[in-house]
$ cat run-v7.txt   # compact mmCIF, N, CA and C atoms
# COMPACT_ATOMS: atom_id res chain seq x y z
N MET I 176 -21.05 -60.10 -42.84
CA MET I 176 -20.99 -59.72 -44.23
C MET I 176 -20.92 -58.20 -44.28
N SER I 177 -19.95 -57.66 -44.94
CA SER I 177 -19.78 -56.21 -45.04
C SER I 177 -20.15 -55.75 -46.45
N VAL I 178 -20.53 -54.50 -46.53
CA VAL I 178 -20.90 -53.90 -47.81
C VAL I 178 -19.77 -52.96 -48.22
N SER I 179 -19.26 -53.16 -49.42
CA SER I 179 -18.16 -52.32 -49.89
C SER I 179 -18.71 -51.00 -50.43
N PRO I 180 -17.85 -49.99 -50.51
CA PRO I 180 -18.31 -48.70 -51.05
C PRO I 180 -18.83 -48.82 -52.49
N MET I 181 -18.27 -49.72 -53.26
CA MET I 181 -18.72 -49.91 -54.65
C MET I 181 -20.15 -50.44 -54.68
N GLU I 182 -20.48 -51.34 -53.76
CA GLU I 182 -21.83 -51.89 -53.70
C GLU I 182 -22.83 -50.81 -53.29
N VAL I 183 -22.45 -49.94 -52.37
CA VAL I 183 -23.32 -48.85 -51.95
C VAL I 183 -23.58 -47.91 -53.13
N LEU I 184 -22.55 -47.63 -53.91
CA LEU I 184 -22.70 -46.78 -55.09
C LEU I 184 -23.65 -47.39 -56.10
N VAL I 185 -23.53 -48.67 -56.36
CA VAL I 185 -24.42 -49.35 -57.31
C VAL I 185 -25.86 -49.31 -56.81
N ILE I 186 -26.07 -49.53 -55.52
CA ILE I 186 -27.42 -49.49 -54.94
C ILE I 186 -28.00 -48.07 -55.05
N ALA I 187 -27.17 -47.06 -54.78
CA ALA I 187 -27.63 -45.68 -54.86
C ALA I 187 -28.01 -45.31 -56.30
N LEU I 188 -27.21 -45.73 -57.25
CA LEU I 188 -27.53 -45.45 -58.66
C LEU I 188 -28.81 -46.16 -59.09
N ALA I 189 -28.98 -47.38 -58.67
CA ALA I 189 -30.20 -48.13 -59.00
C ALA I 189 -31.43 -47.45 -58.40
N ALA I 190 -31.33 -46.99 -57.18
CA ALA I 190 -32.44 -46.29 -56.53
C ALA I 190 -32.74 -44.98 -57.26
N LEU I 191 -31.71 -44.27 -57.67
CA LEU I 191 -31.88 -43.02 -58.41
C LEU I 191 -32.60 -43.27 -59.74
N LEU I 192 -32.22 -44.33 -60.43
CA LEU I 192 -32.86 -44.64 -61.71
C LEU I 192 -34.31 -45.10 -61.51
N LEU I 193 -34.59 -45.84 -60.46
CA LEU I 193 -35.94 -46.34 -60.22
C LEU I 193 -36.90 -45.25 -59.75
N PHE I 194 -36.48 -44.44 -58.82
CA PHE I 194 -37.38 -43.49 -58.19
C PHE I 194 -37.23 -42.06 -58.70
N GLY I 195 -36.06 -41.67 -59.16
CA GLY I 195 -35.83 -40.30 -59.57
C GLY I 195 -35.37 -39.47 -58.38
N ALA I 196 -34.73 -38.35 -58.67
CA ALA I 196 -34.14 -37.53 -57.62
C ALA I 196 -35.20 -36.91 -56.73
N GLY I 197 -36.31 -36.45 -57.30
CA GLY I 197 -37.36 -35.81 -56.51
C GLY I 197 -38.01 -36.78 -55.53
N ARG I 198 -38.26 -37.98 -55.98
CA ARG I 198 -38.91 -38.97 -55.12
C ARG I 198 -37.97 -39.40 -53.99
N ILE I 199 -36.70 -39.52 -54.25
CA ILE I 199 -35.73 -39.89 -53.21
C ILE I 199 -35.64 -38.78 -52.17
N ALA I 200 -35.72 -37.51 -52.62
CA ALA I 200 -35.71 -36.39 -51.68
C ALA I 200 -36.95 -36.45 -50.79
N ASP I 201 -38.10 -36.78 -51.37
CA ASP I 201 -39.34 -36.90 -50.58
C ASP I 201 -39.24 -38.04 -49.57
N ILE I 202 -38.65 -39.14 -49.99
CA ILE I 202 -38.49 -40.28 -49.09
C ILE I 202 -37.57 -39.90 -47.92
N GLY I 203 -36.48 -39.21 -48.22
CA GLY I 203 -35.56 -38.77 -47.17
C GLY I 203 -36.22 -37.79 -46.20
N LYS I 204 -37.02 -36.88 -46.76
CA LYS I 204 -37.72 -35.91 -45.92
C LYS I 204 -38.72 -36.62 -45.01
N GLY I 205 -39.46 -37.55 -45.56
CA GLY I 205 -40.43 -38.31 -44.76
C GLY I 205 -39.75 -39.14 -43.68
N LEU I 206 -38.63 -39.72 -44.02
CA LEU I 206 -37.88 -40.52 -43.05
C LEU I 206 -37.36 -39.64 -41.92
N GLY I 207 -36.85 -38.47 -42.27
CA GLY I 207 -36.36 -37.52 -41.26
C GLY I 207 -37.47 -37.07 -40.33
N GLN I 208 -38.66 -36.75 -40.89
CA GLN I 208 -39.78 -36.33 -40.07
C GLN I 208 -40.25 -37.47 -39.17
N GLY I 209 -40.22 -38.68 -39.68
CA GLY I 209 -40.62 -39.83 -38.87
C GLY I 209 -39.70 -40.03 -37.68
N ILE I 210 -38.41 -39.89 -37.90
CA ILE I 210 -37.44 -40.03 -36.80
C ILE I 210 -37.63 -38.91 -35.79
N LYS I 211 -37.87 -37.69 -36.28
CA LYS I 211 -38.09 -36.54 -35.40
C LYS I 211 -39.33 -36.78 -34.53
N ASN I 212 -40.42 -37.22 -35.14
CA ASN I 212 -41.65 -37.49 -34.39
C ASN I 212 -41.46 -38.62 -33.38
N PHE I 213 -40.70 -39.63 -33.75
CA PHE I 213 -40.43 -40.76 -32.85
C PHE I 213 -39.67 -40.28 -31.63
N LYS I 214 -38.63 -39.47 -31.83
CA LYS I 214 -37.85 -38.95 -30.71
C LYS I 214 -38.70 -38.05 -29.82
N GLN I 215 -39.56 -37.23 -30.43
CA GLN I 215 -40.44 -36.35 -29.67
C GLN I 215 -41.41 -37.19 -28.83
N GLY I 216 -41.92 -38.25 -29.40
CA GLY I 216 -42.81 -39.14 -28.66
C GLY I 216 -42.11 -39.79 -27.49
N LEU I 217 -40.87 -40.18 -27.67
CA LEU I 217 -40.10 -40.78 -26.57
C LEU I 217 -39.89 -39.77 -25.45
N ARG I 218 -39.58 -38.52 -25.82
CA ARG I 218 -39.39 -37.48 -24.80
C ARG I 218 -40.68 -37.23 -24.03
N GLU I 219 -41.80 -37.15 -24.75
CA GLU I 219 -43.08 -36.91 -24.09
C GLU I 219 -43.45 -38.07 -23.18
N ALA I 220 -43.20 -39.28 -23.62
CA ALA I 220 -43.50 -40.46 -22.79
C ALA I 220 -42.62 -40.46 -21.55
N ASP I 221 -41.38 -40.04 -21.70
CA ASP I 221 -40.46 -39.98 -20.56
C ASP I 221 -40.94 -38.94 -19.55
N GLU I 222 -41.41 -37.78 -20.05
CA GLU I 222 -41.90 -36.74 -19.16
C GLU I 222 -43.15 -37.21 -18.41
N VAL I 223 -44.04 -37.89 -19.11
CA VAL I 223 -45.26 -38.40 -18.47
C VAL I 223 -44.88 -39.44 -17.42
N GLY I 224 -43.91 -40.28 -17.73
CA GLY I 224 -43.45 -41.28 -16.78
C GLY I 224 -42.85 -40.66 -15.53
N LYS I 225 -42.08 -39.60 -15.72
CA LYS I 225 -41.48 -38.92 -14.57
C LYS I 225 -42.54 -38.29 -13.70
N LYS I 226 -43.56 -37.67 -14.33
CA LYS I 226 -44.64 -37.05 -13.57
C LYS I 226 -45.42 -38.11 -12.80
N ALA I 227 -45.62 -39.26 -13.42
CA ALA I 227 -46.34 -40.33 -12.75
C ALA I 227 -45.53 -40.86 -11.56
N ASP I 228 -44.22 -40.95 -11.73
CA ASP I 228 -43.36 -41.42 -10.64
C ASP I 228 -43.39 -40.43 -9.48
N GLU I 229 -43.36 -39.14 -9.81
CA GLU I 229 -43.39 -38.12 -8.75
C GLU I 229 -44.72 -38.15 -8.01
N ALA I 230 -45.80 -38.38 -8.74
CA ALA I 230 -47.12 -38.40 -8.10
C ALA I 230 -47.28 -39.64 -7.24
N ALA I 231 -46.60 -40.72 -7.59
CA ALA I 231 -46.74 -41.97 -6.84
C ALA I 231 -45.88 -41.98 -5.58
N LYS I 232 -44.89 -41.12 -5.51
CA LYS I 232 -44.02 -41.09 -4.34
C LYS I 232 -44.79 -40.54 -3.14
N PRO I 233 -44.63 -41.16 -2.00
CA PRO I 233 -45.28 -40.58 -0.82
C PRO I 233 -44.56 -39.29 -0.45
N GLU I 234 -45.32 -38.35 0.05
CA GLU I 234 -44.72 -37.08 0.41
C GLU I 234 -43.79 -37.27 1.60
N ALA I 235 -42.66 -36.63 1.53
CA ALA I 235 -41.69 -36.75 2.62
C ALA I 235 -42.17 -35.91 3.79
N LYS I 236 -42.39 -36.56 4.89
CA LYS I 236 -42.84 -35.85 6.08
C LYS I 236 -41.63 -35.57 6.95
N THR I 237 -41.66 -34.42 7.56
CA THR I 237 -40.56 -34.09 8.45
C THR I 237 -40.76 -34.87 9.73
N PRO I 238 -39.71 -35.45 10.26
CA PRO I 238 -39.87 -36.24 11.47
C PRO I 238 -40.31 -35.34 12.63
N SER I 239 -41.32 -35.78 13.29
CA SER I 239 -41.82 -34.97 14.41
C SER I 239 -40.99 -35.28 15.65
N THR I 240 -40.63 -34.25 16.34
CA THR I 240 -39.84 -34.44 17.56
C THR I 240 -40.82 -34.53 18.72
N PRO I 241 -40.63 -35.48 19.58
CA PRO I 241 -41.56 -35.60 20.68
C PRO I 241 -41.46 -34.37 21.59
N SER I 242 -42.59 -33.86 21.92
CA SER I 242 -42.57 -32.67 22.77
C SER I 242 -42.41 -33.11 24.22
N THR I 243 -41.60 -32.40 24.92
CA THR I 243 -41.38 -32.72 26.34
C THR I 243 -42.27 -31.81 27.17
N PRO I 244 -43.01 -32.40 28.04
CA PRO I 244 -43.89 -31.54 28.86
C PRO I 244 -43.06 -30.65 29.77
N SER I 245 -43.50 -29.45 29.89
CA SER I 245 -42.78 -28.53 30.74
C SER I 245 -43.22 -28.74 32.19
N THR I 246 -42.28 -28.68 33.04
CA THR I 246 -42.57 -28.88 34.49
C THR I 246 -42.43 -27.55 35.19
N THR I 247 -43.48 -26.82 35.25
CA THR I 247 -43.42 -25.54 35.96
C THR I 247 -44.38 -25.50 37.11
$ encode --input "run-v7.txt" --output "structure tokens"
Amino acid sequence: MSVSPMEVLVIALAALLLFGAGRIADIGKGLGQGIKNFKQGLREADEVGKKADEAAKPEAKTPSTPSTPSTT
């Protein structure tokens, strides 16, 4: 089911009449801040996950070469 541009216009006008221009601006601002905070939380969680993965990795040890006894 698709929404035509005329239906979007009618919905927008109805919202404007119900809430008023100032309230719609506040709703948009709050929605924008919510999305911003959500994205920031995802980034922080990703960083914490990466740090945890790095801490869980065993340290790479350099392969030790067997020492050959000197025959002198």
$ atom_distance --input "run-v7.txt" --atom1 "atom N of Ala200 (chain I)" --atom2 "CA of Ser179 (chain I)"
23.1 Å
$ atom_distance --input "run-v7.txt" --atom1 "CA of Leu188 (chain I)" --atom2 "CA of Lys204 (chain I)"
18.9 Å
$ select_by_dssp --input "run-v7.txt" --residues "chain I" --states "helix (DSSP H, G or I)" --output "ChimeraX atom specification"
/I:180-194,196-231
$ atom_distance --input "run-v7.txt" --atom1 "atom C of Val183 (chain I)" --atom2 "CA of Ile202 (chain I)"
17.2 Å
